[in-house]
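Participant: protein_38.txt is reproduced below (compact mmCIF, C-alpha atoms).
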```
# COMPACT_ATOMS: atom_id res chain seq x y z
CA MET A 166 84.35 -82.91 -155.31
CA PHE A 167 86.43 -82.41 -158.45
CA ILE A 168 86.21 -79.09 -160.30
CA LEU A 169 87.26 -79.21 -163.95
CA VAL A 170 87.47 -75.83 -165.68
CA ASN A 171 87.20 -75.99 -169.48
CA LEU A 172 88.65 -72.86 -171.09
CA LYS A 173 87.21 -73.79 -174.51
CA ALA A 174 88.47 -71.20 -177.03
CA TYR A 175 87.52 -68.24 -174.87
CA PRO A 176 89.80 -65.16 -175.08
CA CYS A 177 90.92 -65.53 -171.47
CA ASP A 178 94.44 -65.63 -170.06
CA PRO A 179 95.05 -69.36 -169.48
CA ILE A 180 97.96 -68.69 -167.17
CA GLU A 181 95.91 -66.35 -164.98
CA VAL A 182 93.17 -68.96 -164.65
CA ALA A 183 95.67 -71.78 -164.10
CA THR A 184 97.54 -69.88 -161.39
CA ALA A 185 94.30 -68.98 -159.64
CA ALA A 186 93.09 -72.60 -159.84
CA ARG A 187 96.39 -73.87 -158.43
CA ASP A 188 96.29 -71.43 -155.52
CA VAL A 189 92.62 -72.03 -154.67
CA ALA A 190 93.15 -75.80 -154.83
CA GLU A 191 96.10 -75.58 -152.47
CA ALA A 192 94.27 -73.28 -150.04
CA SER A 193 90.99 -75.23 -150.00
CA GLY A 194 92.17 -78.81 -150.45
CA VAL A 195 89.66 -79.21 -153.29
CA ARG A 196 90.87 -80.91 -156.46
CA ILE A 197 90.76 -78.39 -159.33
CA ALA A 198 91.96 -78.88 -162.89
CA VAL A 199 92.14 -76.64 -165.95
CA SER A 200 91.54 -77.73 -169.54
CA PRO A 201 93.11 -75.23 -171.97
CA GLN A 202 93.53 -75.18 -175.73
CA ALA A 203 96.05 -77.80 -176.91
CA ALA A 204 98.61 -75.11 -177.74
CA ASP A 205 98.53 -73.90 -174.12
CA ILE A 206 98.79 -77.26 -172.34
CA SER A 207 102.51 -77.04 -171.67
CA ARG A 208 102.36 -73.48 -170.33
CA VAL A 209 99.39 -74.26 -168.13
CA ALA A 210 100.99 -77.45 -166.80
CA ASP A 211 104.12 -75.47 -165.93
CA THR A 212 102.10 -73.48 -163.36
CA GLY A 213 101.66 -76.66 -161.35
CA VAL A 214 97.90 -76.87 -161.75
CA GLU A 215 96.35 -80.21 -162.73
CA THR A 216 96.01 -79.96 -166.51
CA TRP A 217 93.60 -81.71 -168.88
CA ALA A 218 93.29 -81.73 -172.66
CA GLN A 219 89.99 -80.72 -174.22
CA HIS A 220 90.05 -83.64 -176.66
CA VAL A 221 92.16 -86.48 -178.00
CA ASP A 222 91.65 -88.34 -181.25
CA PRO A 223 91.39 -92.14 -181.43
CA ASN A 224 94.47 -92.56 -183.63
CA GLY A 225 98.03 -93.28 -182.64
CA HIS A 226 101.25 -92.10 -184.29
CA GLY A 227 101.20 -91.99 -188.07
CA SER A 228 99.75 -90.09 -191.02
CA HIS A 229 97.01 -88.21 -189.19
CA THR A 230 97.44 -84.53 -190.02
CA GLY A 231 95.43 -82.24 -187.76
CA SER A 232 94.78 -84.85 -185.08
CA THR A 233 95.27 -84.35 -181.37
CA LEU A 234 97.48 -87.23 -180.29
CA ALA A 235 96.98 -88.55 -176.76
CA GLU A 236 100.69 -89.18 -176.34
CA ALA A 237 101.45 -85.59 -177.41
CA VAL A 238 99.17 -83.96 -174.86
CA ALA A 239 100.52 -86.28 -172.16
CA GLU A 240 104.07 -85.30 -173.05
CA ALA A 241 103.04 -81.64 -172.89
CA GLY A 242 101.90 -82.12 -169.30
CA ALA A 243 98.23 -83.12 -169.44
CA VAL A 244 97.13 -85.84 -167.03
CA GLY A 245 93.57 -86.21 -168.30
CA THR A 246 91.28 -85.39 -171.21
CA LEU A 247 87.70 -84.58 -172.03
CA ILE A 248 86.14 -86.71 -174.77
CA ASN A 249 82.93 -86.11 -176.73
CA HIS A 250 82.17 -82.64 -175.37
CA SER A 251 78.89 -81.26 -176.73
CA GLU A 252 80.94 -78.93 -178.94
CA LYS A 253 83.21 -81.75 -180.16
CA ARG A 254 80.87 -84.66 -180.75
CA LEU A 255 82.20 -88.08 -181.79
CA LYS A 256 80.62 -91.28 -183.04
CA LEU A 257 80.42 -94.04 -180.43
CA ALA A 258 83.20 -96.04 -182.09
CA ASP A 259 85.47 -92.98 -182.03
CA ILE A 260 84.63 -92.31 -178.39
CA ASP A 261 85.74 -95.85 -177.66
CA GLY A 262 88.92 -95.30 -179.67
CA SER A 263 89.68 -92.03 -177.91
CA VAL A 264 89.19 -93.62 -174.49
CA GLN A 265 91.59 -96.39 -175.45
CA ALA A 266 94.10 -93.90 -176.86
CA ALA A 267 93.96 -91.85 -173.66
CA GLU A 268 94.45 -94.94 -171.51
CA ARG A 269 97.39 -95.96 -173.69
CA ALA A 270 98.98 -92.57 -172.96
CA GLY A 271 98.19 -92.75 -169.24
CA LEU A 272 95.53 -90.04 -169.33
CA GLU A 273 92.47 -89.96 -167.08
CA THR A 274 89.26 -89.78 -169.11
CA CYS A 275 85.95 -87.94 -168.80
CA VAL A 276 83.38 -88.66 -171.50
CA CYS A 277 80.60 -86.11 -171.90
CA ALA A 278 77.02 -87.00 -172.81
CA ASN A 279 73.70 -85.19 -173.25
CA ASN A 280 71.40 -87.27 -171.08
CA PRO A 281 71.21 -90.28 -168.74
CA ALA A 282 70.65 -92.77 -171.58
CA GLN A 283 73.84 -91.63 -173.28
CA ILE A 284 75.62 -91.66 -169.92
CA GLY A 285 74.81 -95.34 -169.63
CA ALA A 286 76.06 -96.04 -173.15
CA VAL A 287 79.42 -94.29 -172.74
CA SER A 288 79.94 -95.71 -169.24
CA ALA A 289 80.13 -99.12 -170.91
CA LEU A 290 83.28 -97.96 -172.73
CA GLY A 291 85.24 -97.89 -169.48
CA PRO A 292 86.12 -94.21 -168.94
CA ASP A 293 87.19 -92.99 -165.51
CA SER A 294 84.29 -90.56 -165.41
CA VAL A 295 81.36 -89.22 -167.38
CA ALA A 296 79.78 -85.76 -167.40
CA VAL A 297 76.11 -85.11 -168.07
CA GLU A 298 75.63 -81.85 -169.98
CA PRO A 299 72.26 -80.98 -171.55
CA PRO A 300 73.29 -78.83 -174.57
CA GLU A 301 70.53 -76.27 -174.04
CA LEU A 302 72.00 -75.29 -170.66
CA ILE A 303 75.66 -75.05 -171.67
CA GLY A 304 76.96 -71.51 -171.29
CA GLY A 305 73.75 -70.37 -169.61
CA ASP A 306 72.99 -68.85 -166.23
CA VAL A 307 70.94 -71.77 -164.90
CA SER A 308 72.72 -74.96 -163.83
CA VAL A 309 71.49 -78.40 -164.75
CA ALA A 310 71.45 -79.23 -161.04
CA THR A 311 68.85 -76.52 -160.52
CA ALA A 312 66.94 -76.63 -163.81
CA ASP A 313 66.47 -80.40 -163.90
CA PRO A 314 67.97 -82.23 -160.92
CA GLY A 315 66.43 -85.47 -162.16
CA ILE A 316 68.88 -85.53 -165.04
CA VAL A 317 71.77 -85.61 -162.56
CA THR A 318 70.32 -88.32 -160.32
CA ASP A 319 69.26 -90.39 -163.33
CA ALA A 320 72.77 -90.02 -164.81
CA VAL A 321 74.32 -91.21 -161.55
CA ASP A 322 72.00 -94.24 -161.56
CA ALA A 323 72.64 -94.95 -165.26
CA ALA A 324 76.40 -95.01 -164.77
CA ALA A 325 76.17 -97.13 -161.62
CA ASN A 326 73.98 -99.67 -163.38
CA VAL A 327 76.76 -100.21 -165.92
CA ASP A 328 79.93 -99.70 -163.89
CA GLU A 329 79.97 -98.54 -160.27
CA ASP A 330 83.57 -97.37 -160.64
CA VAL A 331 82.67 -94.68 -163.20
CA GLU A 332 82.33 -91.30 -161.52
CA VAL A 333 79.65 -88.85 -162.66
CA TYR A 334 80.26 -85.13 -163.08
CA CYS A 335 77.63 -82.46 -163.47
CA GLY A 336 78.04 -79.88 -166.24
CA ALA A 337 76.11 -77.10 -168.01
CA GLY A 338 75.40 -73.78 -166.32
CA ILE A 339 77.42 -74.45 -163.16
CA SER A 340 78.75 -71.13 -161.89
CA THR A 341 78.34 -70.76 -158.10
CA GLY A 342 79.20 -72.48 -154.87
CA ASP A 343 75.53 -73.28 -154.36
CA ASP A 344 75.51 -75.08 -157.74
CA VAL A 345 78.45 -77.20 -156.61
CA VAL A 346 76.81 -78.12 -153.31
CA THR A 347 73.57 -79.02 -155.09
CA ALA A 348 75.43 -81.20 -157.59
CA GLU A 349 77.15 -83.02 -154.73
CA GLU A 350 73.83 -83.55 -152.94
CA LEU A 351 72.41 -85.08 -156.13
CA GLY A 352 75.22 -87.65 -156.19
CA ALA A 353 77.74 -86.08 -158.56
CA SER A 354 81.40 -86.44 -157.59
CA GLY A 355 82.58 -83.50 -159.66
CA ILE A 356 81.55 -80.59 -161.84
CA LEU A 357 82.56 -79.47 -165.31
CA LEU A 358 82.25 -75.77 -166.08
CA ALA A 359 83.63 -73.17 -168.46
CA SER A 360 82.21 -69.66 -168.70
CA GLY A 361 81.65 -69.32 -164.96
CA VAL A 362 85.42 -69.11 -164.54
CA ALA A 363 86.89 -68.50 -168.00
CA LYS A 364 84.67 -65.47 -168.65
CA ALA A 365 84.69 -64.14 -165.09
CA ASP A 366 86.15 -60.69 -164.43
CA ASP A 367 88.00 -62.23 -161.48
CA PRO A 368 88.68 -65.97 -162.04
CA ARG A 369 90.20 -66.37 -158.58
CA ALA A 370 87.10 -64.98 -156.88
CA ALA A 371 84.90 -67.22 -159.04
CA LEU A 372 86.91 -70.28 -158.03
CA GLU A 373 86.87 -69.31 -154.36
CA ASP A 374 83.08 -69.06 -154.54
CA LEU A 375 82.86 -72.50 -156.19
CA VAL A 376 84.70 -74.18 -153.30
CA SER A 377 83.12 -72.08 -150.56
CA GLY A 378 80.51 -74.68 -149.59
CA LEU A 379 82.77 -77.73 -149.70
```
Could you express the structure from this file as structure tokens?

Facilitator:
Amino acid sequence: MFILVNLKAYPCDPIEVATAARDVAEASGVRIAVSPQAADISRVADTGVETWAQHVDPNGHGSHTGSTLAEAVAEAGAVGTLINHSEKRLKLADIDGSVQAAERAGLETCVCANNPAQIGAVSALGPDSVAVEPPELIGGDVSVATADPGIVTDAVDAAANVDEDVEVYCGAGISTGDDVVTAEELGASGILLASGVAKADDPRAALEDLVSGL
């Protein structure tokens, strides 16, 4: 299982979370990555933890003020990027452009989507992975794997029907080791979470709990 921790714009200490994630990954053998704000990518990458960007724009170099350039986040130390998170929605053409931009910069890609139908659509764009995240469960206390396991299994099937090489991650409400085990049992190969770690009083303990059943 792959655990991807999105720090969003939460007022957490990205270095504390990154260091904890690095140490728990090394101790458990579980792949764990941290996705900080763009301004913190370099500092987080310097801890040695696997580092992802929260977003990249579809454009390349040029007159694009305010854009997040795929090449720039790669140079800062990111090795992957989220695309089309529920809080950073893109049009389908821009998702395609962002996937291509990320691939051009050598970044691994995870495209987020609300439901299995959208999972199928974005899987056709050739990302490395997709994450199913019902918006109503994001940031909540109930995981999608528990609230509606059919969404996860249907998302896995939808992606496989388009491209068997696209991995499916489970997001929204994931916060415990039991959630991770349930997601794995439903066919997900990773999880995407935020508040369960970023807002935890003890991020290291939260991460240790997440990997406890793996």

Participant: Do a neighbour search on region 282-287 of chain A at 8 Å with only C-alpha atoms, toss out local chain neighbours closer than 6 positions, and write the hits as a list in words.

Facilitator: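 Contacts, in chain order: Leu257, Ile260, Val276, Val295, Ala296, Val297, Ala320, Ala323, Ala324, Asn326 and Val327 of chain A.
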
Participant: Between CA of Ala174 (chain A) and CA of His250 (chain A), what distance in Å does the model show, to one decimal?

Facilitator: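 According to the coordinates, CA of Ala174 (chain A) and CA of His250 (chain A) are separated by 13.2 Å.
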
Participant: Choose the residue, out of A:Ala185, A:Val333, A:Val362, A:Ala203, that has the smallest atom-to-atom separation from Gly231 (chain A); count all atoms listed in the file.

Facilitator: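 Among the listed residues, A:Ala203 lies closest to Gly231 (chain A).
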
Participant: Could you tell me how far CA of Val264 (chain A) sits from CA of His226 (chain A), in Å to one decimal place?

Facilitator: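 Interatomic distance, CA of His226 (chain A) to CA of Val264 (chain A): 15.6 Å.
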
Participant: Of the candidates A:Asn279, A:Thr318, A:Asn171, A:Ser288, which shows the shortest atom-to-atom distance to Leu357 (chain A), using only C-alpha atoms?

Facilitator: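 Using only C-alpha atoms, the shortest distance to Leu357 (chain A) belongs to A:Asn171.
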
Participant: If we count all atoms listed in the file and set the cut-off at 8 Å, which residues sit around Thr212 (chain A), ignoring sequence neighbours fewer than 2 positions away in its own chain? Please answer as a ChimeraX atom specification.

Facilitator: /A:180,183-184,187,208-210,214

Participant: Could you give me, as a PyMOL selection string, the residues within 8 Å of region 343-356 of chain A, counting all atoms listed in the file and dropping anything in the same chain fewer than 2 positions from it?

Facilitator: chain A and resi 166-169+296+308+310-311+314+317-318+321+332-336+339-341+358+375-376+378-379

Participant: Between A:Asp367, A:Glu268, A:Glu329, A:Glu181, single out the one closest to Val221 (chain A), counting all atoms listed in the file.

Facilitator: A:Glu268

Participant: With 12 Å as the threshold, what does the neighbourhood of (87.2, -100.5, -162.1) contain in terms of residues, counting only C-alpha atoms? Coordinates are those of the file; answer as a PyMOL selection string.

Facilitator: chain A and resi 288-294+325+327-332

Participant: From the set A:Val195, A:Ala270, A:Ala190, A:Ile248, which residue has the shortest atom-to-atom contact distance to Ala218 (chain A), counting only C-alpha atoms?

Facilitator: A:Ile248

Participant: As an exercise, work out the distance from CA of Arg369 (chain A) to CA of Cys177 (chain A) in Å and give it to one decimal place.

Facilitator: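 Spanning CA of Arg369 (chain A) to CA of Cys177 (chain A) is a straight-line distance of 12.9 Å.
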